[in-house]
>>> print(open('entry03.csv').read())   # CSV, C-alpha atoms and all ligand atoms
chain,number,residue,atom,x,y,z
R,4,MET,CA,219.3,75.8,104.7
R,5,THR,CA,219.6,78.5,102.1
R,6,ALA,CA,218.2,81.9,102.4
R,7,ASN,CA,215.7,81.1,99.6
R,8,ILE,CA,214.2,78.3,101.5
R,9,GLN,CA,214.0,80.5,104.6
R,10,LEU,CA,211.9,82.9,102.5
R,11,GLY,CA,209.5,80.0,101.9
R,12,GLY,CA,208.7,77.8,98.9
R,13,HIS,CA,205.5,78.2,96.9
R,14,PRO,CA,202.5,77.2,99.1
R,15,ASP,CA,201.2,74.9,96.4
R,16,LEU,CA,204.6,73.4,95.5
R,17,GLY,CA,205.8,72.4,99.0
R,18,GLU,CA,209.4,73.4,99.7
R,19,SER,CA,210.6,73.2,96.1
R,20,VAL,CA,211.8,76.5,94.8
R,21,GLY,CA,209.1,76.6,92.2
R,22,VAL,CA,207.8,79.7,90.4
R,23,THR,CA,204.3,79.5,88.8
R,24,TYR,CA,202.7,81.1,85.8
R,25,SER,CA,199.5,80.8,83.9
R,26,ARG,CA,199.3,80.4,80.1
R,27,SER,CA,196.6,83.0,79.5
R,28,ILE,CA,195.0,85.0,76.7
R,29,THR,CA,193.2,88.3,77.3
R,30,PHE,CA,189.8,89.3,76.1
R,31,ILE,CA,188.8,92.9,76.4
R,32,PRO,CA,185.0,93.4,76.1
R,33,THR,CA,185.5,97.2,75.9
R,34,TYR,CA,188.2,99.7,76.8
R,35,SER,CA,185.5,102.2,78.0
R,36,CYS,CA,185.9,103.4,81.6
R,37,VAL,CA,184.2,106.2,83.5
R,38,PHE,CA,187.4,107.0,85.4
R,39,ALA,CA,190.6,108.7,84.4
R,40,CYS,CA,193.6,107.5,86.4
R,41,GLY,CA,196.6,109.6,85.9
R,42,TYR,CA,198.8,106.7,84.7
R,43,CYS,CA,196.2,104.9,82.5
R,44,ALA,CA,196.9,104.2,78.8
R,45,PHE,CA,194.1,101.7,78.6
R,46,ALA,CA,190.9,103.6,78.9
R,47,ARG,CA,189.2,105.0,75.8
R,48,PRO,CA,185.6,104.7,74.6
R,49,THR,CA,185.0,101.7,72.4
R,50,PRO,CA,182.0,99.6,71.6
R,51,LEU,CA,181.3,96.3,73.2
R,52,ALA,CA,182.9,93.3,71.5
R,53,GLY,CA,180.4,90.8,70.2
R,54,LEU,CA,180.3,87.1,71.2
R,55,GLU,CA,181.8,86.2,67.8
R,56,GLU,CA,184.8,88.3,68.6
R,57,ALA,CA,185.1,86.6,72.0
R,58,ALA,CA,184.9,83.2,70.4
R,59,ALA,CA,187.7,84.2,67.9
R,60,CYS,CA,189.9,85.2,70.8
R,61,PHE,CA,189.2,82.0,72.7
R,62,ILE,CA,190.1,79.9,69.6
R,63,ARG,CA,193.4,81.8,69.3
R,64,GLY,CA,194.1,81.1,73.0
R,65,VAL,CA,193.4,77.4,72.8
R,66,GLN,CA,195.6,77.1,69.7
R,67,ALA,CA,198.4,78.8,71.5
R,68,GLY,CA,198.1,76.4,74.5
R,69,CYS,CA,196.3,78.7,76.9
R,70,HIS,CA,194.3,77.4,79.8
R,71,GLU,CA,193.0,80.7,81.1
R,72,VAL,CA,191.3,83.7,79.6
R,73,LEU,CA,191.6,87.0,81.5
R,74,ILE,CA,188.4,89.0,80.8
R,75,MET,CA,189.3,92.6,81.6
R,76,SER,CA,187.6,96.0,81.2
R,77,GLY,CA,187.5,99.4,82.8
R,78,GLU,CA,184.9,100.5,85.4
R,79,GLY,CA,181.3,101.8,85.1
R,80,VAL,CA,180.7,100.2,81.7
R,81,MET,CA,176.9,100.5,82.2
R,82,ALA,CA,177.2,104.3,82.3
R,83,PHE,CA,177.8,104.5,78.6
R,84,PRO,CA,174.5,104.9,76.7
R,85,SER,CA,175.9,103.3,73.5
R,86,ILE,CA,176.9,100.2,75.4
R,87,ARG,CA,173.5,100.0,77.2
R,88,GLN,CA,171.9,100.2,73.7
R,89,GLN,CA,174.2,97.4,72.4
R,90,LEU,CA,173.4,95.2,75.3
R,91,THR,CA,169.6,95.7,74.8
R,92,GLN,CA,169.9,95.0,71.1
R,93,TRP,CA,171.8,91.7,71.9
R,94,GLY,CA,169.2,90.7,74.5
R,95,PHE,CA,171.3,91.1,77.6
R,96,GLN,CA,169.9,92.5,80.8
R,97,ASP,CA,173.1,94.3,81.6
R,98,TYR,CA,177.0,94.0,81.5
R,99,ASN,CA,177.2,91.2,84.0
R,100,ASP,CA,174.6,89.2,82.0
R,101,TYR,CA,176.8,89.7,78.9
R,102,LEU,CA,179.9,88.7,80.9
R,103,SER,CA,178.2,85.5,82.1
R,104,ALA,CA,177.5,84.6,78.5
R,105,VAL,CA,181.2,85.4,77.6
R,106,CYS,CA,182.4,83.1,80.4
R,107,ARG,CA,180.1,80.3,79.4
R,108,LEU,CA,181.5,80.6,75.9
R,109,ALA,CA,185.1,80.5,77.2
R,110,LEU,CA,184.3,77.4,79.2
R,111,ASP,CA,182.8,75.7,76.1
R,112,HIS,CA,186.0,76.5,74.2
R,113,GLY,CA,188.2,75.0,76.9
R,114,LEU,CA,189.4,78.2,78.8
R,115,LEU,CA,188.9,79.0,82.4
R,116,PRO,CA,187.6,82.6,82.9
R,117,HIS,CA,189.3,85.0,85.3
R,118,ILE,CA,187.4,88.3,85.5
R,119,ASN,CA,189.0,91.7,86.3
R,120,ILE,CA,186.5,94.5,85.9
R,121,GLY,CA,187.2,96.7,88.9
R,122,ASN,CA,184.9,97.4,91.8
R,123,GLN,CA,182.0,94.9,92.3
R,124,SER,CA,179.2,94.6,94.8
R,125,GLU,CA,178.4,91.3,96.6
R,126,LEU,CA,175.4,90.9,94.3
R,127,ASP,CA,177.7,91.4,91.3
R,128,PHE,CA,180.0,88.6,92.6
R,129,ARG,CA,177.1,86.3,93.2
R,130,ARG,CA,176.0,86.8,89.6
R,131,LEU,CA,179.4,86.2,88.1
R,132,ARG,CA,180.8,83.5,90.3
R,133,PRO,CA,178.8,80.6,88.8
R,134,PHE,CA,180.7,81.1,85.5
R,135,CYS,CA,184.2,82.0,86.4
R,136,ALA,CA,187.1,80.2,88.0
R,137,SER,CA,188.6,83.2,89.8
R,138,MET,CA,188.5,87.0,89.8
R,139,GLY,CA,190.8,89.9,90.6
R,140,MET,CA,191.1,93.6,91.2
R,141,MET,CA,194.2,95.6,92.1
R,142,LEU,CA,193.8,97.3,95.4
R,143,GLU,CA,196.7,99.5,94.3
R,144,THR,CA,197.0,101.5,97.5
R,145,THR,CA,195.0,102.4,100.6
R,146,SER,CA,196.3,106.0,100.5
R,147,VAL,CA,193.4,108.5,100.7
R,148,ALA,CA,195.9,111.3,100.0
R,149,LEU,CA,196.3,109.9,96.4
R,150,MET,CA,192.6,110.9,95.8
R,151,ARG,CA,194.0,114.5,95.5
R,152,HIS,CA,197.0,113.4,93.5
R,153,PRO,CA,197.2,113.0,89.7
R,154,ALA,CA,197.1,109.3,90.2
R,155,HIS,CA,193.5,109.1,91.4
R,156,ARG,CA,192.1,112.7,91.3
R,157,HIS,CA,189.7,111.7,88.6
R,158,ALA,CA,189.0,108.1,89.7
R,159,PRO,CA,186.6,108.0,92.7
R,160,GLY,CA,186.4,104.2,92.3
R,161,LYS,CA,190.0,104.0,93.5
R,162,HIS,CA,189.1,105.3,96.9
R,163,PRO,CA,190.5,102.7,99.4
R,164,GLN,CA,187.1,102.3,101.0
R,165,ALA,CA,185.6,101.2,97.7
R,166,ARG,CA,188.5,98.9,96.9
R,167,LEU,CA,188.5,97.2,100.3
R,168,ALA,CA,184.7,96.8,100.2
R,169,THR,CA,185.2,94.9,96.9
R,170,LEU,CA,187.8,92.7,98.4
R,171,ALA,CA,185.6,91.9,101.4
R,172,ALA,CA,182.6,91.2,99.2
R,173,ALA,CA,184.7,88.7,97.1
R,174,GLY,CA,185.6,87.0,100.4
R,175,ARG,CA,182.0,86.7,101.6
R,176,VAL,CA,181.0,85.2,98.3
R,177,ARG,CA,184.0,82.8,98.3
R,178,VAL,CA,185.6,83.9,95.1
R,179,PRO,CA,189.3,82.9,94.7
R,180,PHE,CA,190.8,86.3,94.3
R,181,THR,CA,193.9,88.1,93.0
R,182,THR,CA,194.8,91.6,94.1
R,183,GLY,CA,197.9,93.7,94.2
R,184,LEU,CA,199.8,97.0,94.8
R,185,LEU,CA,200.7,99.5,92.2
R,186,VAL,CA,204.1,100.7,93.3
R,187,GLY,CA,205.4,104.2,92.6
R,188,ILE,CA,202.2,106.3,92.0
R,189,GLY,CA,203.0,108.7,94.9
R,190,GLU,CA,202.4,106.4,97.9
R,191,THR,CA,204.7,106.3,100.9
R,192,TRP,CA,206.3,103.3,102.6
R,193,ALA,CA,203.7,103.6,105.3
R,194,ASP,CA,201.0,103.5,102.6
R,195,ARG,CA,202.5,100.3,101.2
R,196,GLN,CA,202.7,98.7,104.6
R,197,ALA,CA,199.1,99.7,105.3
R,198,ALA,CA,197.8,98.3,102.0
R,199,LEU,CA,199.6,95.0,102.6
R,200,SER,CA,198.3,94.8,106.2
R,201,ALA,CA,194.7,95.4,105.0
R,202,VAL,CA,195.0,92.6,102.5
R,203,ALA,CA,196.5,90.3,105.1
R,204,THR,CA,193.6,91.1,107.5
R,205,LEU,CA,191.0,90.4,104.8
R,206,HIS,CA,192.7,87.1,103.9
R,207,ARG,CA,192.8,86.0,107.6
R,208,GLN,CA,189.0,86.7,107.7
R,209,TYR,CA,187.9,85.0,104.4
R,210,GLY,CA,190.9,83.0,103.2
R,211,HIS,CA,190.2,84.0,99.6
R,212,ILE,CA,193.4,85.8,98.4
R,213,GLN,CA,195.4,83.6,96.1
R,214,GLU,CA,198.1,86.1,95.3
R,215,VAL,CA,199.2,89.7,95.6
R,216,ILE,CA,200.8,91.3,92.6
R,217,ILE,CA,203.7,93.8,93.2
R,218,GLN,CA,203.3,95.8,90.0
R,219,PRO,CA,205.6,98.7,89.2
R,220,PHE,CA,204.0,101.9,87.9
R,221,THR,CA,205.1,102.4,84.3
R,222,PRO,CA,204.8,105.9,82.8
R,223,HIS,CA,203.0,106.1,79.5
R,224,PRO,CA,203.2,108.9,77.0
R,225,ARG,CA,200.1,111.2,76.8
R,226,THR,CA,199.0,110.4,80.3
R,227,ALA,CA,198.9,112.8,83.3
R,228,MET,CA,201.8,111.0,84.9
R,229,ALA,CA,203.9,110.6,81.8
R,230,ALA,CA,206.8,112.5,83.3
R,231,TYR,CA,206.8,110.7,86.7
R,232,PRO,CA,209.6,108.1,87.1
R,233,GLY,CA,208.8,104.5,87.7
R,234,PRO,CA,210.0,102.9,90.9
R,235,ASP,CA,213.6,101.7,91.0
R,236,LEU,CA,214.6,98.1,91.5
R,237,SER,CA,215.5,98.6,95.2
R,238,THR,CA,212.0,99.9,95.9
R,239,LEU,CA,210.4,96.9,94.3
R,240,VAL,CA,212.7,94.5,96.1
R,241,LYS,CA,212.0,96.1,99.4
R,242,THR,CA,208.2,96.0,98.6
R,243,VAL,CA,208.3,92.3,97.8
R,244,ARG,CA,210.2,91.7,101.0
R,245,MET,CA,207.6,93.7,102.9
R,246,ALA,CA,204.8,91.8,101.2
R,247,ARG,CA,206.4,88.5,102.1
R,248,ASP,CA,206.8,89.6,105.7
R,249,THR,CA,203.3,90.9,106.0
R,250,LEU,CA,201.1,88.4,104.1
R,251,PRO,CA,200.1,85.0,105.4
R,252,PRO,CA,202.4,82.3,103.9
R,253,ASP,CA,199.7,80.8,101.7
R,254,VAL,CA,199.3,84.1,99.8
R,255,VAL,CA,201.7,84.1,96.8
R,256,ILE,CA,203.7,87.1,95.7
R,257,GLN,CA,203.4,87.7,92.0
R,258,ILE,CA,205.7,89.9,89.8
R,259,PRO,CA,204.8,90.5,86.2
R,260,PRO,CA,208.0,89.5,84.4
R,261,ASN,CA,207.4,91.8,81.4
R,262,LEU,CA,207.4,94.8,83.7
R,263,THR,CA,210.8,93.8,85.2
R,264,PRO,CA,212.6,93.6,81.9
R,265,SER,CA,216.1,92.8,83.1
R,266,ALA,CA,216.8,89.3,84.1
R,267,GLU,CA,218.8,90.5,87.1
R,268,ALA,CA,215.7,92.4,88.3
R,269,ARG,CA,213.6,89.3,88.1
R,270,ARG,CA,216.3,87.3,90.0
R,271,GLN,CA,216.4,89.8,92.8
R,272,LEU,CA,212.6,89.9,93.1
R,273,LEU,CA,212.4,86.2,93.3
R,274,LEU,CA,215.1,86.1,95.9
R,275,ALA,CA,213.1,88.7,97.9
R,276,GLY,CA,210.2,86.2,98.0
R,277,ALA,CA,208.2,86.5,94.7
R,278,ARG,CA,207.0,83.0,93.5
R,279,ASP,CA,204.6,83.7,90.6
R,280,PHE,CA,204.9,85.3,87.1
R,281,GLY,CA,201.1,85.7,86.6
R,282,GLY,CA,199.5,85.3,83.2
R,283,ILE,CA,201.9,85.0,80.3
R,284,SER,CA,200.1,85.7,77.0
R,285,PRO,CA,201.0,84.8,73.5
R,286,GLU,CA,199.6,88.2,72.5
R,287,PRO,CA,200.8,91.8,73.6
R,288,ASP,CA,200.0,93.1,77.1
R,289,HIS,CA,196.9,95.3,76.8
R,290,ILE,CA,197.8,97.4,79.8
R,291,ASN,CA,201.5,97.8,78.9
R,292,PRO,CA,201.7,97.2,75.1
R,293,ASP,CA,205.4,98.3,74.9
R,294,GLU,CA,206.4,95.6,77.4
R,295,PRO,CA,206.1,92.2,75.7
R,296,TRP,CA,206.4,88.9,77.5
R,297,LEU,CA,209.2,86.5,76.6
R,298,SER,CA,208.3,82.9,76.1
R,299,PRO,CA,207.7,80.5,79.0
R,300,GLU,CA,210.6,78.5,77.7
R,301,HIS,CA,212.9,81.6,78.0
R,302,TYR,CA,211.8,82.2,81.6
R,303,ALA,CA,212.1,78.5,82.4
R,304,ALA,CA,215.8,78.5,81.2
R,305,GLU,CA,216.5,81.7,83.0
R,306,LEU,CA,215.0,80.4,86.3
R,307,ALA,CA,216.9,77.1,85.9
R,308,GLU,CA,220.2,79.1,85.9
R,309,TRP,CA,219.2,80.4,89.3
R,310,GLY,CA,218.0,77.1,90.7
R,311,PHE,CA,214.3,77.7,90.4
R,312,VAL,CA,211.8,75.7,88.4
R,313,LEU,CA,208.9,77.1,86.3
R,314,HIS,CA,205.6,75.4,86.8
R,315,LEU,CA,202.4,75.9,84.9
R,316,ARG,CA,199.3,76.7,87.0
R,317,LEU,CA,195.7,77.4,86.4
R,318,PRO,CA,194.0,80.7,87.3
R,319,VAL,CA,192.6,79.0,90.3
R,320,TYR,CA,195.3,77.6,92.7
R,321,PRO,CA,195.1,74.0,93.7
R,322,ARG,CA,193.8,74.6,97.3
R,323,PHE,CA,190.8,76.4,95.8
R,324,GLN,CA,190.0,73.6,93.4
R,325,THR,CA,187.1,72.4,95.6
R,326,PRO,CA,183.3,72.5,95.5
R,327,GLN,CA,183.5,75.0,98.4
R,328,TRP,CA,185.3,77.5,96.3
R,329,LEU,CA,184.0,76.8,92.8
R,330,SER,CA,180.4,76.7,91.4
R,331,PRO,CA,178.9,73.4,90.3
R,332,THR,CA,179.2,74.7,86.7
R,333,VAL,CA,182.9,75.6,86.9
R,334,TYR,CA,184.2,72.9,89.2
R,335,PRO,CA,184.1,70.0,86.6
R,336,TYR,CA,185.9,72.2,84.0
R,337,VAL,CA,188.6,73.0,86.6
R,338,CYS,CA,189.0,69.3,87.5
R,339,ALA,CA,189.4,68.3,83.9
R,340,LYS,CA,191.9,71.1,83.2
R,341,SER,CA,193.8,70.3,86.3
R,342,ALA,CA,194.3,66.7,85.2
R,343,THR,CA,195.6,68.0,81.8
R,344,VAL,CA,198.1,70.4,83.4
R,345,THR,CA,199.3,67.8,85.9
R,346,ASN,CA,199.8,65.4,83.1
R,347,GLY,CA,202.2,67.7,81.3
R,348,GLY,CA,200.2,70.6,79.8
R,349,ASN,CA,203.4,72.3,78.7
R,350,GLY,CA,206.2,70.0,79.9
R,351,LEU,CA,207.8,72.8,81.9
R,352,GLN,CA,206.4,71.7,85.2
R,353,GLU,CA,207.8,68.2,84.6
R,354,GLN,CA,211.4,69.3,85.1
R,355,ALA,CA,213.0,68.3,88.4
R,356,SER,CA,211.7,70.2,91.4
R,357,GLY,CA,213.3,70.6,94.7
R,358,VAL,CA,216.5,71.9,93.1
R,359,VAL,CA,218.8,73.5,95.6
R,360,PRO,CA,219.1,77.2,94.7
R,361,ARG,CA,222.5,78.3,93.5
R,362,SER,CA,221.8,82.0,94.0
R,363,GLN,CA,221.7,83.8,97.3
R,364,PRO,CA,219.7,86.9,98.1
R,365,GLY,CA,221.5,90.1,97.2
Y,401,LIG,S1,189.9,102.5,86.5
Y,401,LIG,FE1,191.4,101.2,85.3
Y,401,LIG,S2,190.7,101.4,83.2
Y,401,LIG,FE2,189.8,103.1,84.3
Y,401,LIG,S3,191.1,104.8,84.1
Y,401,LIG,FE3,191.7,103.8,86.0
Y,401,LIG,S4,193.3,102.3,85.4
Y,401,LIG,FE4,192.3,103.0,83.5
>>> encode(input="entry03.csv", output="C-alpha cells")
Amino acid sequence: MTANIQLGGHPDLGESVGVTYSRSITFIPTYSCVFACGYCAFARPTPLAGLEEAAACFIRGVQAGCHEVLIMSGEGVMAFPSIRQQLTQWGFQDYNDYLSAVCRLALDHGLLPHINIGNQSELDFRRLRPFCASMGMMLETTSVALMRHPAHRHAPGKHPQARLATLAAAGRVRVPFTTGLLVGIGETWADRQAALSAVATLHRQYGHIQEVIIQPFTPHPRTAMAAYPGPDLSTLVKTVRMARDTLPPDVVIQIPPNLTPSAEARRQLLLAGARDFGGISPEPDHINPDEPWLSPEHYAAELAEWGFVLHLRLPVYPRFQTPQWLSPTVYPYVCAKSATVTNGGNGLQEQASGVVPRSQPG
C-alpha cells in the first residue's frame, strides 16, 4: 500500500486518489464590513448590488459551466445606514431577506448557492437554509491572543467564542458547512492544534462539516499586515498533516490551488492529505485578486502526472444530498444538478479513477 492510500482517499470517492473541485462563480452583494482585520484587502464601503447585477453574474457563471455561486460579503452589513435605506427602498425586510431573494434567483438560473457572510445566529441560519445548498465561514483561529494582535485587534467578530458559536449554530440547523484555518496570522502550533480539535469536536457532535480549508495568509499592500511574511511551504504541509491527523476521516482537507502557486507546493500538500481544491472560478479571486486560478484542465493534467484524478463536485458533498440536510426547496435542484455532474458535467471526472499514485510523500 502506498503512503498516499495510507493517508486516505477522498471520503466521497472511495479509495481512489481523487481530488475534488467545484466550478463556481462569486457574487459579492457588497464589500462593506464593520470590521477591519489586519490582513484584509476586501473590505471597503460599497452600495448593495441589485438583483439585476446578481442575475448578470449568474448568467456569466452558467455560460462558463459553473454549478455553484459563492455569495460572499463582509460582516455587519445591516450596520450601514445607506444599505438599510437601499433594502427598504427595494422592499426587503433586512439583509437576510435580500440574500434569500438572491439565492432564489441563483437557483432559477441553474446555480446552487453557497453563502459565506461571516458570523450568523441560529435564527439567521434558519432563515437562509431554505434557499441555499451549503454555507461556510472561516474559523481562522481559536487564539484569543490574536484579538490584541494586528490580525484581529479591530475585528471583534473574529473572537473564537463568536466563531465557534456560529459553527455550532450551523450544526444545530443542519447546514452542510465549510470552515477553515488562516495560517500565518500570528498563531502558534498549539493554536492550530486547538482550532482543528475544536472543529473535530463540533463535527463529532453535529456531523455537518464538509471540509476544512487550510488557507495561507497572503500579505496585501496597504493593509496593517502588509510587511508580515506569509507561511512557508513546510508550515502549510505540517498544518495539512495535523488537520488530517486531527479531523474525522469524512472531513475533507481543502487547499486553494491559486494560493499555492507552485506545482511542487500543490503536490506536497496533496501528499500531506489535502483532497479538495475548493471553488475554481472563471473570474478573478475577489479576496486575492493577484492570485488567479489556472484552468481545471491545467490542474487535471498536473494531478494526472502525480497519479491523482480531478473530479468535479457540487458545493454540497454527496453524503449531504439528502432531505435531512437540504430544504424541500433546494433538494430537487441539487438532485437535478447531481445527475448532470455524474453524467459528465465537465468530462474531467470521467477519467480513470483508482490510479496507483506514482508520487510518494516528501
Ligand atoms: S471580517 Fe472579513 S471582510 Fe471584514 S475585515 Fe475581516 S476579513 Fe475583511
>>> closest_atom_pairs(input="entry03.csv", of="chain R", to="ligand LIG 401 (chain Y)", cutoff="12 Å", atoms="only C-alpha atoms and all ligand atoms", output="CSV")
residue,atom,partner,partner_atom,distance
R:Ile31,CA,Y:LIG401,S2,11.0
R:Thr33,CA,Y:LIG401,S2,9.9
R:Tyr34,CA,Y:LIG401,S2,7.1
R:Ser35,CA,Y:LIG401,S2,7.4
R:Cys36,CA,Y:LIG401,FE2,4.8
R:Val37,CA,Y:LIG401,FE2,6.5
R:Phe38,CA,Y:LIG401,S3,4.5
R:Ala39,CA,Y:LIG401,S3,3.9
R:Cys40,CA,Y:LIG401,FE3,4.2
R:Gly41,CA,Y:LIG401,S3,7.5
R:Tyr42,CA,Y:LIG401,S4,7.1
R:Cys43,CA,Y:LIG401,FE4,4.5
R:Ala44,CA,Y:LIG401,FE4,6.7
R:Phe45,CA,Y:LIG401,FE4,5.4
R:Ala46,CA,Y:LIG401,S2,4.8
R:Arg47,CA,Y:LIG401,S2,8.4
R:Pro48,CA,Y:LIG401,S2,10.5
R:Met75,CA,Y:LIG401,S2,9.1
R:Ser76,CA,Y:LIG401,S2,6.5
R:Gly77,CA,Y:LIG401,S2,3.8
R:Glu78,CA,Y:LIG401,S1,5.5
R:Gly79,CA,Y:LIG401,FE2,8.6
R:Val80,CA,Y:LIG401,FE2,9.9
R:Asn119,CA,Y:LIG401,FE1,9.8
R:Ile120,CA,Y:LIG401,FE1,8.3
R:Gly121,CA,Y:LIG401,S1,6.8
R:Asn122,CA,Y:LIG401,S1,8.9
R:Met140,CA,Y:LIG401,FE1,9.6
R:Met141,CA,Y:LIG401,FE1,9.2
R:Leu142,CA,Y:LIG401,S1,11.0
R:Glu143,CA,Y:LIG401,S4,9.9
R:Pro153,CA,Y:LIG401,FE3,11.3
R:Ala154,CA,Y:LIG401,FE3,8.8
R:His155,CA,Y:LIG401,FE3,7.8
R:Arg156,CA,Y:LIG401,FE3,10.4
R:His157,CA,Y:LIG401,S3,8.4
R:Ala158,CA,Y:LIG401,FE3,6.3
R:Pro159,CA,Y:LIG401,S1,8.9
R:Gly160,CA,Y:LIG401,S1,7.0
R:Lys161,CA,Y:LIG401,S1,7.2
R:His162,CA,Y:LIG401,S1,10.8
R:Arg166,CA,Y:LIG401,S1,11.1
R:Leu185,CA,Y:LIG401,S4,10.4
R:Ile188,CA,Y:LIG401,S4,11.8
R:Phe220,CA,Y:LIG401,S4,11.0
R:Thr221,CA,Y:LIG401,S4,11.9
R:His223,CA,Y:LIG401,FE4,11.8
R:Thr226,CA,Y:LIG401,S3,10.4
R:Ala227,CA,Y:LIG401,S3,11.2
R:His289,CA,Y:LIG401,S2,10.8
R:Ile290,CA,Y:LIG401,FE4,8.7
R:Asn291,CA,Y:LIG401,S4,11.4
>>> write_last_selection(input="entry03.csv", atoms="C-alpha atoms", output="mmCIF file, keeping the file's coordinate frame")
data_model
loop_
_atom_site.group_PDB
_atom_site.id
_atom_site.type_symbol
_atom_site.label_atom_id
_atom_site.label_comp_id
_atom_site.auth_asym_id
_atom_site.auth_seq_id
_atom_site.Cartn_x
_atom_site.Cartn_y
_atom_site.Cartn_z
ATOM 1 C CA ILE R 31 188.800 92.900 76.400
ATOM 2 C CA THR R 33 185.500 97.200 75.900
ATOM 3 C CA TYR R 34 188.200 99.700 76.800
ATOM 4 C CA SER R 35 185.500 102.200 78.000
ATOM 5 C CA CYS R 36 185.900 103.400 81.600
ATOM 6 C CA VAL R 37 184.200 106.200 83.500
ATOM 7 C CA PHE R 38 187.400 107.000 85.400
ATOM 8 C CA ALA R 39 190.600 108.700 84.400
ATOM 9 C CA CYS R 40 193.600 107.500 86.400
ATOM 10 C CA GLY R 41 196.600 109.600 85.900
ATOM 11 C CA TYR R 42 198.800 106.700 84.700
ATOM 12 C CA CYS R 43 196.200 104.900 82.500
ATOM 13 C CA ALA R 44 196.900 104.200 78.800
ATOM 14 C CA PHE R 45 194.100 101.700 78.600
ATOM 15 C CA ALA R 46 190.900 103.600 78.900
ATOM 16 C CA ARG R 47 189.200 105.000 75.800
ATOM 17 C CA PRO R 48 185.600 104.700 74.600
ATOM 18 C CA MET R 75 189.300 92.600 81.600
ATOM 19 C CA SER R 76 187.600 96.000 81.200
ATOM 20 C CA GLY R 77 187.500 99.400 82.800
ATOM 21 C CA GLU R 78 184.900 100.500 85.400
ATOM 22 C CA GLY R 79 181.300 101.800 85.100
ATOM 23 C CA VAL R 80 180.700 100.200 81.700
ATOM 24 C CA ASN R 119 189.000 91.700 86.300
ATOM 25 C CA ILE R 120 186.500 94.500 85.900
ATOM 26 C CA GLY R 121 187.200 96.700 88.900
ATOM 27 C CA ASN R 122 184.900 97.400 91.800
ATOM 28 C CA MET R 140 191.100 93.600 91.200
ATOM 29 C CA MET R 141 194.200 95.600 92.100
ATOM 30 C CA LEU R 142 193.800 97.300 95.400
ATOM 31 C CA GLU R 143 196.700 99.500 94.300
ATOM 32 C CA PRO R 153 197.200 113.000 89.700
ATOM 33 C CA ALA R 154 197.100 109.300 90.200
ATOM 34 C CA HIS R 155 193.500 109.100 91.400
ATOM 35 C CA ARG R 156 192.100 112.700 91.300
ATOM 36 C CA HIS R 157 189.700 111.700 88.600
ATOM 37 C CA ALA R 158 189.000 108.100 89.700
ATOM 38 C CA PRO R 159 186.600 108.000 92.700
ATOM 39 C CA GLY R 160 186.400 104.200 92.300
ATOM 40 C CA LYS R 161 190.000 104.000 93.500
ATOM 41 C CA HIS R 162 189.100 105.300 96.900
ATOM 42 C CA ARG R 166 188.500 98.900 96.900
ATOM 43 C CA LEU R 185 200.700 99.500 92.200
ATOM 44 C CA ILE R 188 202.200 106.300 92.000
ATOM 45 C CA PHE R 220 204.000 101.900 87.900
ATOM 46 C CA THR R 221 205.100 102.400 84.300
ATOM 47 C CA HIS R 223 203.000 106.100 79.500
ATOM 48 C CA THR R 226 199.000 110.400 80.300
ATOM 49 C CA ALA R 227 198.900 112.800 83.300
ATOM 50 C CA HIS R 289 196.900 95.300 76.800
ATOM 51 C CA ILE R 290 197.800 97.400 79.800
ATOM 52 C CA ASN R 291 201.500 97.800 78.900
#
>>> residues_around(input="entry03.csv", residues="Phe134 in chain R", least_positions_apart="4", cutoff="7 Å", atoms="only C-alpha atoms", output="number ranges by chain")
R: 103, 106-107, 332-333
>>> write_last_selection(input="entry03.csv", atoms="C-alpha atoms", output="CSV table (one decimal), in the coordinates of the input")
chain,number,residue,atom,x,y,z
R,103,SER,CA,178.2,85.5,82.1
R,106,CYS,CA,182.4,83.1,80.4
R,107,ARG,CA,180.1,80.3,79.4
R,332,THR,CA,179.2,74.7,86.7
R,333,VAL,CA,182.9,75.6,86.9
>>> residues_around(input="entry03.csv", residues="Leu306 in chain R", least_positions_apart="2", cutoff="10 Å", atoms="all atoms listed in the file", output="ChimeraX atom specification")
/R:20-22,266,269-270,273,300-304,308-313,360
>>> atom_distance(input="entry03.csv", atom1="CA of Pro260 in chain R", atom2="CA of Ser298 in chain R")
10.6 Å
>>> residues_around(input="entry03.csv", residues="Ser330 in chain R", least_positions_apart="2", cutoff="10 Å", atoms="only C-alpha atoms", output="compact mmCIF listing (two decimals) with C-alpha atoms, keeping the file's coordinate frame")
# COMPACT_ATOMS: atom_id res chain seq x y z
CA ARG R 132 180.80 83.50 90.30
CA PRO R 133 178.80 80.60 88.80
CA PHE R 134 180.70 81.10 85.50
CA CYS R 135 184.20 82.00 86.40
CA ALA R 136 187.10 80.20 88.00
CA ARG R 177 184.00 82.80 98.30
CA VAL R 178 185.60 83.90 95.10
CA THR R 325 187.10 72.40 95.60
CA PRO R 326 183.30 72.50 95.50
CA GLN R 327 183.50 75.00 98.40
CA TRP R 328 185.30 77.50 96.30
CA THR R 332 179.20 74.70 86.70
CA VAL R 333 182.90 75.60 86.90
CA TYR R 334 184.20 72.90 89.20
CA PRO R 335 184.10 70.00 86.60
>>> residues_around(input="entry03.csv", residues="Asp194 in chain R", least_positions_apart="6", cutoff="8 Å", atoms="only C-alpha atoms", output="PyMOL selection string")
chain R and resi 144-146
>>> closest_residue(input="entry03.csv", among="R:Pro285, R:Gly113, R:Pro50, R:Gly94", to="Ala67 in chain R", atoms="only C-alpha atoms")
R:Pro285
>>> closest_residue(input="entry03.csv", among="R:Ser237, R:Thr23, R:Ser284, R:Ser137", to="Val319 in chain R", atoms="all atoms listed in the file")
R:Ser137
>>> atom_distance(input="entry03.csv", atom1="CA of Gly53 in chain R", atom2="CA of Asp127 in chain R")
21.3 Å
>>> atom_distance(input="entry03.csv", atom1="CA of Thr169 in chain R", atom2="CA of Ser124 in chain R")
6.4 Å
>>> residues_near_point(input="entry03.csv", point="(211.1, 88.6, 91.7)", cutoff="9 Å", atoms="only C-alpha atoms", output="MDAnalysis selection string")
chainID R and resid 239:240 243 256:260 263 268:280
>>> closest_residue(input="entry03.csv", among="R:Val72, R:Leu131, R:Ile217, R:Val147", to="Asp100 in chain R", atoms="only C-alpha atoms")
R:Leu131
>>> closest_residue(input="entry03.csv", among="R:Phe83, R:Ile283, R:Asn261, R:Val186", to="Leu317 in chain R", atoms="all atoms listed in the file")
R:Ile283
>>> residues_around(input="entry03.csv", residues="Gln88 in chain R", least_positions_apart="6", cutoff="12 Å", atoms="only C-alpha atoms", output="number ranges by chain")
R: 50-51, 80-82, 94-98
